[in-house]
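Accompanying notes for the structure given below.
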Amino acid sequence: MTEPAAALSPQASVAEPSSAPQHTAPTSILLGLLTSVQNAVLPFAAITFSTGGTGLLGAILVGIAIVIVGTVFAYFHWKRLTYTIGAQDIRVESGVLSRAARSVPYERIQDVSLEQKFLARLLGLVAVKFETGAGGGEDLSLAFLTEERGEELRRLVRERRDEAEPAVAHKAGVVQGGDTTAEADGEVLFAMGPRRLFTFGLFEFSLAVFAVLGGLAQYLDMFGDFEVWDPDNWQGLIERYGLDFRQLDRTMQGIGAALGLIALLIVGSLTGMVRVFLREWNFLLERTARGFRRRRGLLTRTDVVMPIHRVQGLSIGTRFIRYRFGWHNLKFVSLARDAGSSSHVVVPFGQIDEIEPVVEAAGFSLPAADTDWHRASSRYRGDAMIIDSIFFFLAAAGFFIAHMIDPATWKPLVGGALFAVGLFAMFAAYYSWRFKRHALGREQIMARDGLLSPETQIATRLKLHSVEIAQGPIARLRGYATLRLGQAGGTFAIPGIPIERAREVRRQVVATIAATDFSRLESQQASLKP
């Protein structure tokens with residue numbers, strides 16, 4: 001157990017070497033108060049409406065109790081939360097009733113990101129997240145510091161991390177260590193304004209709002225005897241205003257159905273657009289001296305810096321409709337995590353000509369027109385056609401046999417439908433095989449997959465950790481395999497490769513890895529093609 005935390009004077013700087021425990025920002029207590037008020041709104045409203053207004057006094061007392069308890073807990077949480085900046089690691093101690101201490105060496109920290117939710121932004125506070133690449137929610141978080149202290153702490157941890165590991169000069173120009181200035185603005189690689197966000201939102205159709213309204217509708221019976229899910233109630237309510245559904249002809253019913261569908265599309269589009277504006281507002285991707293810096297968010301603002309040399313691979317994806325208009329997204333794969341995922345979205349919605357400069361800045365290159373693509377094995381195609389459709393064919397045969405035993409008009413219809421689905425699955429497996437291919441370049445390995453929404457994965461041969469050839473019983477019998485590439489922070493698997501081709505790819509990739517002396521990675525990186 002460390003000594004009691006000493007208060008941090010207003011003049012003290014977090015960047016000054018100190019082994020004494022320090023508190024987070026005292027304004028965190030005020031943030032706890034505001035959060036408690038926010039948490040008290042729903043219980044207050046529930047008690048008030050459920051009692052028809054007669055329980056207003058009780059609702060006020062419950063709300064006050066929630067605010068007081070929340071504020072007291074926020075105070076003790078702040079009082080008992082300390083962080084210590086040591087020479088080799090950063091240590092965080094927390095806990096009111098039971099104490100917990102965690103120490104993370106600087107060389108284990110993959111990245112340091114800043115996050116501001118709405119209330120924290122109002123008070124000028126940030127949550128500092130130390131990403132260790134451990135996964136499973138094991139990253140270290142420190143909440144909350146002032147914006148200036150958060151930026152200073154991020155800079156200090158990066159400097160000490162760079163001192164703890166050998167400097168790596170990436171071919172794209174990463175500078176490590178020695179810089180004592182705050183993170184400066186760099187070259188803008190990609191940005192999205194309101195017009196692009198509006199276009200993005202049109203493709204983000206979502207019906208989540210109906211799920212929320214459906215959940216809220218469960219509580220509407222507290223306001224009266226109206227049963228929301230009883231269609232007779234709705235019919236009676238509408239007929240009260242002189243409209244009789246039984247007197248409507250088919251044309252009017254069709255018009256009503258069309259208007260309902262249009263309303264559904266409008267609400268779904270607006271819901272997706274709201275989500276896009278909240279998540280991607282003022283999206284900005286820059287290349288700074290320390291790597292890629294991404295800032296985005298309206299209510300929750302995040303500021304993440306990804307060192308270029310830690311980018312293990314990338315993924316270019318799309319969706320069915322947006323693919324027809326040429327829109328794609330770009331993700332970087334690294335040990336650091338981004339909202340629970342190992343892939344950092346660096347271009348959420350862009351054309352290929354906008355994605356290409358970002359790919360090149362990360363030290364990768366898009367597949368050229370003359371790339372030597374190799375398709376999956378034709379035997380893999382045949383096996384996939386059988387495996388994907390056999391269940392439907394067997395089920396259809398079962399219904400046809402049941403019809404012969406007990407003639408019923410509906411059984412042949414179900415059997416015919418299942419047979420048609422089996423044919424479609426077989427055709428889809430055959431056609432998707434045409435888009436499943438891979439290529440091995442001098443520095444990269446690439447794979448493409450996807451029938452309606454294709455995805456391209458690219459990894460640097462030098463940064464792969466392992467190459468595994470996996471074969472199940474069928475694959476071993478038929479002479480093909482799945483090539484699994486060990487990639488820090490992500491998965492990269494290429495299925496259905498002919499076994500000889502898989503062995504050749506493994507041999508070349510392993511030769512690239514074995515030829516690299518990672519203790520002298522700086523000189524090796526400098527020899528790579530710019």
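As shown in the structure tokens, the chain order sets the letters A, B, ...; within each chain, residues go from 1, and ligands are also counted from 1 in the order they appear.
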Which stretch 439-488 of chain A residues have any atom within 8 Å of an atom of stretch 314-318 of chain A, and for each, what is the nearest pair of atoms with distance in Å to one decimal, counting only C-alpha atoms, rows sorted by chain and number, as JSON lines?
{"residue": "A:Ser453", "atom": "CA", "partner": "A:Thr318", "partner_atom": "CA", "distance": 5.6}
{"residue": "A:Pro454", "atom": "CA", "partner": "A:Gly317", "partner_atom": "CA", "distance": 6.4}
{"residue": "A:Glu455", "atom": "CA", "partner": "A:Gly317", "partner_atom": "CA", "distance": 4.5}
{"residue": "A:Thr456", "atom": "CA", "partner": "A:Ile316", "partner_atom": "CA", "distance": 5.1}
{"residue": "A:Gln457", "atom": "CA", "partner": "A:Ser315", "partner_atom": "CA", "distance": 4.5}
{"residue": "A:Ile458", "atom": "CA", "partner": "A:Leu314", "partner_atom": "CA", "distance": 5.4}
{"residue": "A:Ala459", "atom": "CA", "partner": "A:Leu314", "partner_atom": "CA", "distance": 6.6}
Please produce a file of the residues just selected, as a PDB file, in the first residue's frame, where the atoms kept are N, CA and C atoms.
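Listing of selection.pdb after writing:
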ATOM      1  N   SER A 453     -21.160  -7.446 -50.759  1.00  0.00           N
ATOM      2  CA  SER A 453     -20.417  -6.348 -50.123  1.00  0.00           C
ATOM      3  C   SER A 453     -18.978  -6.817 -49.899  1.00  0.00           C
ATOM      4  N   PRO A 454     -18.125  -6.696 -50.894  1.00  0.00           N
ATOM      5  CA  PRO A 454     -16.760  -7.242 -50.807  1.00  0.00           C
ATOM      6  C   PRO A 454     -15.913  -6.533 -49.756  1.00  0.00           C
ATOM      7  N   GLU A 455     -14.963  -7.280 -49.217  1.00  0.00           N
ATOM      8  CA  GLU A 455     -14.016  -6.760 -48.234  1.00  0.00           C
ATOM      9  C   GLU A 455     -12.606  -7.165 -48.655  1.00  0.00           C
ATOM     10  N   THR A 456     -11.679  -6.238 -48.495  1.00  0.00           N
ATOM     11  CA  THR A 456     -10.279  -6.483 -48.816  1.00  0.00           C
ATOM     12  C   THR A 456      -9.449  -6.343 -47.557  1.00  0.00           C
ATOM     13  N   GLN A 457      -8.640  -7.346 -47.257  1.00  0.00           N
ATOM     14  CA  GLN A 457      -7.716  -7.306 -46.129  1.00  0.00           C
ATOM     15  C   GLN A 457      -6.285  -7.282 -46.646  1.00  0.00           C
ATOM     16  N   ILE A 458      -5.468  -6.444 -46.029  1.00  0.00           N
ATOM     17  CA  ILE A 458      -4.068  -6.310 -46.415  1.00  0.00           C
ATOM     18  C   ILE A 458      -3.223  -6.356 -45.154  1.00  0.00           C
ATOM     19  N   ALA A 459      -2.162  -7.149 -45.181  1.00  0.00           N
ATOM     20  CA  ALA A 459      -1.237  -7.242 -44.053  1.00  0.00           C
ATOM     21  C   ALA A 459       0.187  -7.178 -44.578  1.00  0.00           C
TER      22      ALA A 459
END
Selection near A:Gly326, 12 Å with only C-alpha atoms, sequence-local residues under 3 positions removed, as a ChimeraX atom specification: /A:317-323,329,349-355,453-454
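Considering the residues A:Ser113, A:Thr271, A:Thr71, A:Ser378 and counting only C-alpha atoms, A:Asn39 has its shortest atom-to-atom contact with A:Thr71.
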For A:Ala65: contacts at 12 Å, only C-alpha atoms, fewer than 4 positions along chain excluded, given as a VMD selection string: chain A and resid 33 36 to 37 39 to 40 43 to 44 58 to 61 69 to 72
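Among A:Leu114, A:Met192, A:Leu119, A:Leu202, the residue with the shortest atom-to-atom distance to A:Leu145, counting only C-alpha atoms, is A:Leu114.
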9 Å contact set for A:Ala425, only C-alpha atoms, chain neighbours under 3 positions out, as number ranges by chain: A: 385, 388-389, 392, 420-422, 428-430
Backbone-only DSSP, strand (DSSP E) members of stretch 298-466 of chain A, as an MDAnalysis selection string: chainID A and resid 301:306 313:317 328:338 341:350 374:375 437:440 444:449 455:460 466
Coordinates-based distance that separates atom CA of A:Asp162 from atom CA of A:Tyr83 (Å, one decimal): 20.3 Å
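Residue neighbourhood of A:Gly201, excluding near-sequence residues (fewer than 5 positions): Pro194, Arg195, Arg196, Ser206, Ile266, Val267, Gly268, Ser269, Leu270, Thr271, Gly272, Met273, Val274, Arg275, Val276, Phe277, Leu278, Arg279, Glu280, Trp281, Arg322, Pro348 and Phe349 of chain A, at 12 Å, using only C-alpha atoms.
For the choices A:Arg295, A:Lys117, A:His438, A:His403, the atom-to-atom distance to A:Ala502 is smallest for A:His438 when using only C-alpha atoms.
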Distance in Å - atom CA of A:Trp78 versus atom CA of A:Gln110: 26.4 Å
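Here the question is which of A:Gly260, A:Gly415, A:Gly95, A:Gly63 gets nearest to A:Ala46 using only C-alpha atoms, and that residue is A:Gly63.
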